[in-house]
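So the structure is just underneath, and the comments pick up after that.
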Amino acid sequence: MLKKLLIQNGAVLYRKNLIAADVLIADGKIARVAPGLRPDRKTDVIDARGLLVLPGFIDLHCHLRDPGQTHKEDVASGGRSAAAGGFTAVCCMPNTEPPIDCAPMVSYVRQKAERESPVKVYPIGAVTKGRGGAELAELGLMREAGAVAASDDGSPVMNAGLMRAALEYAVSAGLFLISHCEDTSLSGDGVANEGYNASLAGLKGIPRAAEEVMVARDVLLAETLNTRVHIAHVSTKGGVQLLREAKRRGARVTAETCPHYFALTDDLILEYDTDAKINPPLREEADRQAVIRGLADGTIDAIATDHAPHNFDGKNVDFNAAAFGTVGFETAFAVAYTTLVKGGILTVAELSALMSAKPAAVLGFEGGGAIRLGLAADLAVVDPEAVWTVEPDKLLSKSKNTVFKGRELTGKVRYTVVDGKVVYGGEAKGAR
Ligand SMILES: [Zn+2]
C-alpha cells in the first residue's frame, strides 16, 4: 500500500481559490484539505511553506519521439522532463517512426509509459495511415487501445473532404480531432514569420494566412457537422479573432497556444538562433498581444508546450536546414507565470485553469485537473518567488534546444506528485 503523504503549510488552489491549508493524500487520492492536519508515523511530509500547491499540469501537445527517434527523447526521458516541469499528464503526438497510426502503436506507448514514465502519458493517434494525408487510420481501434485524440500534427490534412470525413468518423470512434493549422501550399519552404524581420534576415517567410485559412476551414467544417475540433498552437492575431468569432457563434471549437507565442516574437530570428525556428513560427508583437488577450478572455482554452526535442545535430546547422521546434516542459510554467501572472494579466487560479482544469475538460476528463476530494492526487508544488535562469545543460530532457535559454524566469516547480507519489523533487523519484 502507498504511504500517505501530507503537504503542509502551502497555499492550496482549492475550489478556485488559494487557501492556507494542508493536503492529505491517501491511497493516491486527495483525502483531506484543511488547515492544521497532523501526520502520523506512516505519513511522509512535504513542507510547502511559501509554496503554491496546484493541480498537476496537463499538456495537450508534446512530442516524445518514441519510437524511432529516441536519441532525441523517449517516453522515460520525456516523462522525467515533464515531471520536472510540474506536468502530471501529457498527450504525445503521433509523428514518431513508425507513426502512432494503429492500435498496437498506441499500446506500445501506453505500456512503455506505464513501466518507465513518472507521469501519465496519453497517446494521440494519427488521423491518416502513415500520416500520409490520403487514407483514414483506424480511429476506433486506436481509441480502444487508449488514444485520447487524433491528429496528423506537423503534416496537416490538406484535403478538406478527407478532413470532413475524419471529423465525422472521429465522432463515432469517440475521439476528437486536433488540427495543426497550416496550408502547406502557403507555408512552402518558409522558415520564419513572413514580415519585416524575415526580410531583414533574408529568410523565407511563412504567412499568417497559412495558419488562418486552415483555422477558418476546420472551424467551418466542424460547424457544418455540428461536431468539435481542437486547434493546435494558435500563433496569429487573425487566428485568435477567427476563434473568438466562432465561439461567439456557438461553434464547438477549442484551442491551445504555447508559451513561446505569448512570451516571444520573431525578433529572435535576427540572430539566426536555430532554437527560435519553430512551426508555426514566432510572430510579431501584435500577434503576441492578441494571443495574450485570447488567453485572458477565454478564446484560447489551454496552454500546451508543443515540447519538440531535437538533438544537437538537428539544430547546429544553417537556419534554413535546422529542424523546427523547441523543448518546453521544464520552462512552460515559469514562462507563463512570469509573463501572465507577474505581468498582471492573469491570477494564479486563472493560469492554473489554463494548464490543468481546461486541458482536462478538452480531453473529456470531467472535473479533472483540480484538487478535489477523492480525485487522483496529481499535483504541482511551485515556488512563486524563485528566480532562475534557463540553462540548457540542466534540463532533464535528452534534448537541449530551448528557445528560452539564458532567460531569467520567476516561478519554479519544487515537487511533482502523480497518484500520490512524489515523482520530482525531494527524495522519491522515478517510475510510478
Ligand atoms: Zn503542430
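Residues are named by chain letter and number: chains run A, B, ... in the order of the C-alpha cells, numbers start at 1 in each chain, and ligands are numbered from 1 in the order shown.
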
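Scanning segment 111-299 of chain A with DSSP on the backbone, the strand (DSSP E) assignments fall on Lys120, Val121, Tyr122, Pro123, Ile124, Gly125, Ala149, Ala150, Leu177, Ile178, Ser179, Ala192, Asn193, Gly205, Ile206, Val229, His230, Ile231, Val253, Thr254, Ala255, Glu256 and Thr257 of chain A.
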
Can you write out as JSON lines which residues of segment 211-265 of chain A fall within 9 Å of segment 182-185 of chain A, alongside each residue's closest atom pair and its distance in Å to one decimal, counting only C-alpha atoms and ordering rows by chain and ascending residue number?
```
{"residue": "A:Glu211", "atom": "CA", "partner": "A:Glu182", "partner_atom": "CA", "distance": 4.6}
{"residue": "A:Glu212", "atom": "CA", "partner": "A:Glu182", "partner_atom": "CA", "distance": 7.8}
{"residue": "A:Val213", "atom": "CA", "partner": "A:Asp183", "partner_atom": "CA", "distance": 7.2}
{"residue": "A:Met214", "atom": "CA", "partner": "A:Glu182", "partner_atom": "CA", "distance": 6.0}
{"residue": "A:Val215", "atom": "CA", "partner": "A:Glu182", "partner_atom": "CA", "distance": 8.4}
```

Produce a file of the selected residues containing all heavy atoms, as a CSV table (one decimal), in the first residue's frame.
```csv
chain,number,residue,atom,x,y,z
A,211,GLU,N,-1.8,29.7,-41.6
A,211,GLU,CA,-2.4,29.2,-40.4
A,211,GLU,C,-3.9,29.5,-40.4
A,211,GLU,O,-4.8,28.7,-40.2
A,211,GLU,CB,-1.8,29.8,-39.2
A,211,GLU,CG,-2.4,29.4,-37.8
A,211,GLU,CD,-1.6,29.8,-36.6
A,211,GLU,OE1,-0.3,30.0,-36.8
A,211,GLU,OE2,-2.1,30.0,-35.5
A,212,GLU,N,-4.2,30.8,-40.8
A,212,GLU,CA,-5.6,31.3,-40.6
A,212,GLU,C,-6.6,30.6,-41.6
A,212,GLU,O,-7.7,30.4,-41.2
A,212,GLU,CB,-5.6,32.8,-40.7
A,212,GLU,CG,-4.9,33.4,-39.6
A,212,GLU,CD,-4.4,34.8,-39.8
A,212,GLU,OE1,-4.6,35.4,-40.9
A,212,GLU,OE2,-3.7,35.4,-38.9
A,213,VAL,N,-6.2,30.4,-42.8
A,213,VAL,CA,-7.2,29.7,-43.7
A,213,VAL,C,-7.5,28.3,-43.2
A,213,VAL,O,-8.7,27.9,-43.4
A,213,VAL,CB,-6.7,29.6,-45.2
A,213,VAL,CG1,-6.5,31.0,-45.8
A,213,VAL,CG2,-5.4,28.8,-45.3
A,214,MET,N,-6.6,27.7,-42.6
A,214,MET,CA,-6.9,26.3,-42.0
A,214,MET,C,-7.7,26.4,-40.8
A,214,MET,O,-8.6,25.5,-40.5
A,214,MET,CB,-5.6,25.6,-41.8
A,214,MET,CG,-4.9,25.2,-43.1
A,214,MET,SD,-5.8,24.0,-44.1
A,214,MET,CE,-4.9,22.5,-43.6
A,215,VAL,N,-7.5,27.4,-39.9
A,215,VAL,CA,-8.4,27.6,-38.8
A,215,VAL,C,-9.8,27.8,-39.3
A,215,VAL,O,-10.7,27.2,-38.8
A,215,VAL,CB,-7.9,28.8,-37.9
A,215,VAL,CG1,-8.9,29.1,-36.8
A,215,VAL,CG2,-6.5,28.6,-37.3
```

Could you give me, as JSON lines, every segment 373-424 of chain A residue with an atom at most 6 Å from segment 30-35 of chain A, plus its closest atom pair and distance in Å to one decimal, counting only C-alpha atoms, rows ordered by chain then number?
```
{"residue": "A:Leu373", "atom": "CA", "partner": "A:Ile30", "partner_atom": "CA", "distance": 5.0}
{"residue": "A:Gly374", "atom": "CA", "partner": "A:Ile30", "partner_atom": "CA", "distance": 5.3}
{"residue": "A:Leu375", "atom": "CA", "partner": "A:Ile30", "partner_atom": "CA", "distance": 5.7}
{"residue": "A:Ala377", "atom": "CA", "partner": "A:Ile30", "partner_atom": "CA", "distance": 5.2}
```

Would you mind exporting N, CA, C and O atoms of the selected residues as a PDB file, in the first residue's frame?
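Listing of selection_26.pdb after writing:
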```pdb
ATOM      1  N   LEU A 373     -11.517  16.349  -3.331  1.00  0.00           N
ATOM      2  CA  LEU A 373     -11.540  15.138  -2.511  1.00  0.00           C
ATOM      3  C   LEU A 373     -11.919  13.928  -3.363  1.00  0.00           C
ATOM      4  O   LEU A 373     -12.862  13.990  -4.150  1.00  0.00           O
ATOM      5  N   GLY A 374     -11.141  12.871  -3.212  1.00  0.00           N
ATOM      6  CA  GLY A 374     -11.438  11.634  -3.925  1.00  0.00           C
ATOM      7  C   GLY A 374     -10.798  11.541  -5.296  1.00  0.00           C
ATOM      8  O   GLY A 374     -10.739  10.470  -5.894  1.00  0.00           O
ATOM      9  N   LEU A 375     -10.297  12.673  -5.782  1.00  0.00           N
ATOM     10  CA  LEU A 375      -9.662  12.678  -7.105  1.00  0.00           C
ATOM     11  C   LEU A 375      -8.192  12.244  -6.977  1.00  0.00           C
ATOM     12  O   LEU A 375      -7.576  12.413  -5.935  1.00  0.00           O
ATOM     13  N   ALA A 377      -4.380  12.219  -6.737  1.00  0.00           N
ATOM     14  CA  ALA A 377      -3.507  13.275  -6.219  1.00  0.00           C
ATOM     15  C   ALA A 377      -2.396  13.550  -7.224  1.00  0.00           C
ATOM     16  O   ALA A 377      -1.280  13.065  -7.105  1.00  0.00           O
TER      17      ALA A 377
END
```

Counting only C-alpha atoms and all ligand atoms, which residues in chain A sit no more than 8 Å from ligand 1? For each one, give the nearest pair of atoms and the distance in Å, sorted by chain then residue number, as a Markdown table.
```
| residue | atom | partner | partner_atom_place_in_ligand_line | distance |
| --- | --- | --- | --- | --- |
| A:Asp153 | CA | ligand 1 | 1 (Zn) | 4.5 |
| A:Gly154 | CA | ligand 1 | 1 (Zn) | 4.6 |
| A:Ser155 | CA | ligand 1 | 1 (Zn) | 7.8 |
| A:Ser179 | CA | ligand 1 | 1 (Zn) | 7.9 |
| A:His180 | CA | ligand 1 | 1 (Zn) | 4.7 |
| A:Cys181 | CA | ligand 1 | 1 (Zn) | 7.6 |
| A:Ala232 | CA | ligand 1 | 1 (Zn) | 6.4 |
| A:His233 | CA | ligand 1 | 1 (Zn) | 6.7 |
| A:Asn279 | CA | ligand 1 | 1 (Zn) | 6.7 |
| A:Pro280 | CA | ligand 1 | 1 (Zn) | 7.2 |
| A:Asp306 | CA | ligand 1 | 1 (Zn) | 7.2 |
```

Mind dumping the selected residues with C-alpha atoms as a tab-separated table (two decimals), in the first residue's frame?
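Output below, filename out.tsv:
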```tsv
chain	number	residue	atom	x	y	z
A	153	ASP	CA	0.28	17.18	-36.27
A	154	GLY	CA	3.13	18.53	-38.38
A	155	SER	CA	1.51	17.13	-41.54
A	179	SER	CA	-5.77	20.28	-36.13
A	180	HIS	CA	-2.27	21.56	-36.87
A	181	CYS	CA	-3.43	24.50	-38.96
A	232	ALA	CA	-3.32	23.36	-32.01
A	233	HIS	CA	-0.73	26.04	-31.21
A	279	ASN	CA	6.43	25.82	-36.51
A	280	PRO	CA	4.20	27.79	-36.56
A	306	ASP	CA	4.50	21.58	-28.15
```

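Around segment 192-201 of chain A, within 8 Å and counting only C-alpha atoms, the residues found are A:Gly190, A:Leu203, A:Lys204, A:Gly205, A:Ile206, A:Pro207, A:Arg208, A:Asp266, A:Asp267, A:Ile269, A:Leu270, A:Tyr272, A:Lys277, A:Ile278, A:Pro281, A:Leu282, A:Arg283, once anything fewer than 2 positions away on its own chain is removed.
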
Proximity check segment 4-104 of chain A to segment 324-331 of chain A, 10 Å, nearest pairs one decimal Å, only C-alpha atoms, as a tab-separated table:
```
residue	atom	partner	partner_atom	distance
A:Phe57	CA	A:Phe329	CA	10.0
A:Asp59	CA	A:Phe329	CA	8.6
A:Cys62	CA	A:Gly328	CA	8.5
A:His63	CA	A:Val327	CA	9.0
A:Gly78	CA	A:Phe329	CA	8.5
A:Gly79	CA	A:Phe329	CA	9.4
A:Arg80	CA	A:Phe329	CA	9.6
A:Ser81	CA	A:Phe329	CA	6.2
A:Ala82	CA	A:Phe329	CA	5.1
A:Ala83	CA	A:Phe329	CA	8.1
A:Ala84	CA	A:Glu330	CA	5.9
A:Gly85	CA	A:Glu330	CA	4.1
A:Gly86	CA	A:Glu330	CA	7.8
A:Phe87	CA	A:Phe329	CA	7.5
A:Val90	CA	A:Phe329	CA	9.6
```

Mind the document's chain letters and residue numbers, and return as a PyMOL selection string the residues of segment 187-246 of chain A that DSSP labels alpha helix (DSSP H). chain A and resi 187+196-201+208-225+237-246

Nearest to Val390 of chain A, chosen from A:Cys91, A:Val75, A:Ala334, A:Leu141, with only C-alpha atoms counted in the distances: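 Checking each candidate against Val390 of chain A, we get A:Ala334 as the closest.
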
Among A:Leu136, A:Ile303, A:Ala323, A:Ala290, Ser356 of chain A is approached most closely, using only C-alpha atoms, by A:Ile303

Figure out the distance between atom CA of Leu139 of chain A and atom CA of Leu60 of chain A, please, to one decimal in Å. 18.1 Å

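Excluding Lys72 of chain A itself and same-chain residues fewer than 6 positions from it, the residues having an atom within 9 Å of it are Leu64, Arg65, Asp66, Pro309, His310, Asn311, Phe312, Ser397, Lys398 and Ser399 of chain A, counting only C-alpha atoms.
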
Determine, for each residue of segment 125-232 of chain A having at least one atom at most 6 Å from an atom of segment 96-104 of chain A, the closest pair of atoms and their separation in Å to one decimal, counting only C-alpha atoms; order by chain and ascending number, as CSV.
```
residue,atom,partner,partner_atom,distance
A:Gly125,CA,A:Asp101,CA,5.4
A:Ala126,CA,A:Asp101,CA,4.7
A:Lys129,CA,A:Asp101,CA,5.8
A:Leu141,CA,A:Ala103,CA,5.6
A:Met142,CA,A:Ala103,CA,4.4
A:Ala145,CA,A:Ala103,CA,5.5
```

Could you please determine the separation between atom CA of Glu144 of chain A and atom CA of Pro123 of chain A in Å, to one decimal place?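 Answer for the atom CA of Glu144 of chain A to atom CA of Pro123 of chain A separation: 11.8 Å.
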
Would you mind telling me which residue in A:Ala222, A:Ala321, A:Val348, A:Val422 lies nearest to Asp44 of chain A when using only C-alpha atoms? A:Val422

Counting only C-alpha atoms, which residue out of A:Gly140, A:Gly367, A:Gly425, A:Gly298 sits closest to Val171 of chain A?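 Comparing A:Gly140, A:Gly367, A:Gly425, A:Gly298 against Val171 of chain A, the winner is A:Gly140.
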
Go through segment 128-245 of chain A residue by residue and, counting only C-alpha atoms, keep those with an atom at most 10 Å from segment 259-263 of chain A; for each kept residue give the shortest atom pair and its distance in Å to one decimal, ordered by chain and increasing number, as CSV.
```
residue,atom,partner,partner_atom,distance
A:His233,CA,A:Tyr261,CA,8.3
A:Val234,CA,A:Tyr261,CA,7.9
A:Ser235,CA,A:Tyr261,CA,5.8
A:Thr236,CA,A:Tyr261,CA,8.6
```

Any idea what's packed within 12 Å of Ala166 of chain A, counting only C-alpha atoms, ignoring anything in its chain fewer than 4 positions away? Could you give it as a VMD selection string? chain A and resid 126 to 129 133 to 140 149 to 152 157 to 162 170 to 179 218 221 to 222 225 227 to 229

With N, CA and C atoms retained, export the selected residues as an mmCIF file, in the first residue's frame.
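Saved the output as selection20.cif:
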```cif
data_model
loop_
_atom_site.group_PDB
_atom_site.id
_atom_site.type_symbol
_atom_site.label_atom_id
_atom_site.label_comp_id
_atom_site.auth_asym_id
_atom_site.auth_seq_id
_atom_site.Cartn_x
_atom_site.Cartn_y
_atom_site.Cartn_z
ATOM 1 N N ALA A 126 -2.725 9.018 -35.135
ATOM 2 C CA ALA A 126 -2.728 9.746 -36.410
ATOM 3 C C ALA A 126 -4.131 9.711 -37.019
ATOM 4 N N VAL A 127 -4.463 10.753 -37.763
ATOM 5 C CA VAL A 127 -5.754 10.795 -38.456
ATOM 6 C C VAL A 127 -5.709 9.881 -39.680
ATOM 7 N N THR A 128 -4.561 9.927 -40.384
ATOM 8 C CA THR A 128 -4.453 9.138 -41.611
ATOM 9 C C THR A 128 -3.317 8.117 -41.495
ATOM 10 N N LYS A 129 -3.443 7.062 -42.234
ATOM 11 C CA LYS A 129 -2.439 5.994 -42.205
ATOM 12 C C LYS A 129 -1.073 6.551 -42.597
ATOM 13 N N GLY A 133 -1.977 11.585 -45.161
ATOM 14 C CA GLY A 133 -2.993 12.505 -45.646
ATOM 15 C C GLY A 133 -3.887 11.944 -46.735
ATOM 16 N N ALA A 134 -3.871 10.613 -46.904
ATOM 17 C CA ALA A 134 -4.641 10.031 -48.001
ATOM 18 C C ALA A 134 -5.769 9.131 -47.512
ATOM 19 N N GLU A 135 -5.482 8.274 -46.546
ATOM 20 C CA GLU A 135 -6.448 7.254 -46.138
ATOM 21 C C GLU A 135 -6.627 7.311 -44.623
ATOM 22 N N LEU A 136 -7.880 7.312 -44.171
ATOM 23 C CA LEU A 136 -8.123 7.420 -42.728
ATOM 24 C C LEU A 136 -7.539 6.231 -41.968
ATOM 25 N N ALA A 137 -6.971 6.522 -40.804
ATOM 26 C CA ALA A 137 -6.458 5.460 -39.934
ATOM 27 C C ALA A 137 -7.619 4.859 -39.138
ATOM 28 N N GLU A 138 -7.343 3.767 -38.432
ATOM 29 C CA GLU A 138 -8.382 3.063 -37.661
ATOM 30 C C GLU A 138 -8.594 3.764 -36.323
ATOM 31 N N LEU A 139 -9.340 4.872 -36.372
ATOM 32 C CA LEU A 139 -9.511 5.683 -35.169
ATOM 33 C C LEU A 139 -10.193 4.900 -34.046
ATOM 34 N N GLY A 140 -11.179 4.093 -34.397
ATOM 35 C CA GLY A 140 -11.927 3.352 -33.379
ATOM 36 C C GLY A 140 -11.044 2.372 -32.623
ATOM 37 N N ALA A 149 -7.138 11.277 -28.660
ATOM 38 C CA ALA A 149 -7.487 12.219 -29.720
ATOM 39 C C ALA A 149 -6.816 11.744 -30.995
ATOM 40 N N ALA A 150 -7.088 12.442 -32.095
ATOM 41 C CA ALA A 150 -6.443 12.106 -33.359
ATOM 42 C C ALA A 150 -5.904 13.366 -33.997
ATOM 43 N N SER A 151 -4.693 13.261 -34.556
ATOM 44 C CA SER A 151 -4.072 14.416 -35.207
ATOM 45 C C SER A 151 -2.975 13.944 -36.148
ATOM 46 N N ASP A 152 -2.816 14.661 -37.249
ATOM 47 C CA ASP A 152 -1.643 14.427 -38.097
ATOM 48 C C ASP A 152 -0.638 15.544 -37.861
ATOM 49 N N VAL A 157 -3.856 17.772 -42.577
ATOM 50 C CA VAL A 157 -4.699 17.104 -43.566
ATOM 51 C C VAL A 157 -5.116 18.167 -44.584
ATOM 52 N N MET A 158 -4.450 18.173 -45.734
ATOM 53 C CA MET A 158 -4.673 19.255 -46.708
ATOM 54 C C MET A 158 -5.988 19.105 -47.462
ATOM 55 N N ASN A 159 -6.442 17.853 -47.600
ATOM 56 C CA ASN A 159 -7.671 17.617 -48.357
ATOM 57 C C ASN A 159 -8.883 17.870 -47.459
ATOM 58 N N ALA A 160 -9.659 18.905 -47.813
ATOM 59 C CA ALA A 160 -10.791 19.297 -46.958
ATOM 60 C C ALA A 160 -11.843 18.198 -46.880
ATOM 61 N N GLY A 161 -12.029 17.480 -47.975
ATOM 62 C CA GLY A 161 -13.011 16.395 -47.973
ATOM 63 C C GLY A 161 -12.608 15.294 -47.011
ATOM 64 N N LEU A 162 -11.322 14.991 -46.992
ATOM 65 C CA LEU A 162 -10.829 13.963 -46.077
ATOM 66 C C LEU A 162 -10.948 14.446 -44.638
ATOM 67 N N ALA A 170 -14.417 10.523 -36.496
ATOM 68 C CA ALA A 170 -13.901 10.666 -35.137
ATOM 69 C C ALA A 170 -15.038 10.617 -34.117
ATOM 70 N N VAL A 171 -16.173 11.220 -34.452
ATOM 71 C CA VAL A 171 -17.303 11.217 -33.520
ATOM 72 C C VAL A 171 -17.714 9.792 -33.205
ATOM 73 N N SER A 172 -17.881 8.978 -34.246
ATOM 74 C CA SER A 172 -18.331 7.606 -33.998
ATOM 75 C C SER A 172 -17.238 6.793 -33.302
ATOM 76 N N ALA A 173 -15.990 7.200 -33.484
ATOM 77 C CA ALA A 173 -14.892 6.482 -32.826
ATOM 78 C C ALA A 173 -14.687 6.973 -31.390
ATOM 79 N N GLY A 174 -15.389 8.035 -31.004
ATOM 80 C CA GLY A 174 -15.242 8.544 -29.637
ATOM 81 C C GLY A 174 -13.999 9.372 -29.425
ATOM 82 N N LEU A 175 -13.453 9.912 -30.503
ATOM 83 C CA LEU A 175 -12.259 10.760 -30.392
ATOM 84 C C LEU A 175 -12.594 12.169 -30.880
ATOM 85 N N PHE A 176 -11.714 13.110 -30.616
ATOM 86 C CA PHE A 176 -11.850 14.424 -31.238
ATOM 87 C C PHE A 176 -10.573 14.708 -32.016
ATOM 88 N N LEU A 177 -10.670 15.595 -32.985
ATOM 89 C CA LEU A 177 -9.525 15.892 -33.840
ATOM 90 C C LEU A 177 -8.773 17.120 -33.343
ATOM 91 N N ILE A 178 -7.456 17.030 -33.403
ATOM 92 C CA ILE A 178 -6.598 18.178 -33.116
ATOM 93 C C ILE A 178 -5.979 18.600 -34.443
ATOM 94 N N SER A 179 -6.228 19.839 -34.823
ATOM 95 C CA SER A 179 -5.772 20.285 -36.132
ATOM 96 C C SER A 179 -4.534 21.182 -36.031
ATOM 97 N N ASP A 218 -11.308 24.532 -40.766
ATOM 98 C CA ASP A 218 -11.654 23.471 -39.824
ATOM 99 C C ASP A 218 -12.799 23.882 -38.905
ATOM 100 N N LEU A 221 -15.866 23.424 -41.095
ATOM 101 C CA LEU A 221 -16.196 22.002 -41.235
ATOM 102 C C LEU A 221 -16.851 21.485 -39.957
ATOM 103 N N ALA A 222 -16.286 21.858 -38.817
ATOM 104 C CA ALA A 222 -16.854 21.400 -37.540
ATOM 105 C C ALA A 222 -18.271 21.940 -37.375
ATOM 106 N N LEU A 225 -20.798 20.074 -39.518
ATOM 107 C CA LEU A 225 -21.131 18.748 -38.997
ATOM 108 C C LEU A 225 -21.663 18.813 -37.569
ATOM 109 N N THR A 227 -19.907 19.174 -35.008
ATOM 110 C CA THR A 227 -19.014 18.366 -34.199
ATOM 111 C C THR A 227 -17.911 19.270 -33.677
ATOM 112 N N ARG A 228 -16.979 18.696 -32.948
ATOM 113 C CA ARG A 228 -15.965 19.554 -32.348
ATOM 114 C C ARG A 228 -14.613 19.358 -33.014
ATOM 115 N N VAL A 229 -13.785 20.408 -32.863
ATOM 116 C CA VAL A 229 -12.410 20.340 -33.338
ATOM 117 C C VAL A 229 -11.558 21.151 -32.373
#
```

Nearby residues (only C-alpha atoms) at most 10 Å from Ala336 of chain A, same-chain spacing under 2 positions excluded, as a VMD selection string: chain A and resid 258 to 260 262 to 263 303 331 to 334 338 to 343 346 351 to 352 354 to 355 409 to 411

Could you jot down the atom CA of Gly50 of chain A to atom CA of Ala386 of chain A separation for me, Å, one decimal place? 10.3 Å

Which polymer residues have any atom within 6 Å of an atom of Ala255 of chain A, counting only C-alpha atoms, with same-chain residues fewer than 3 positions away left out, as a ChimeraX atom specification? /A:230-231,300-301
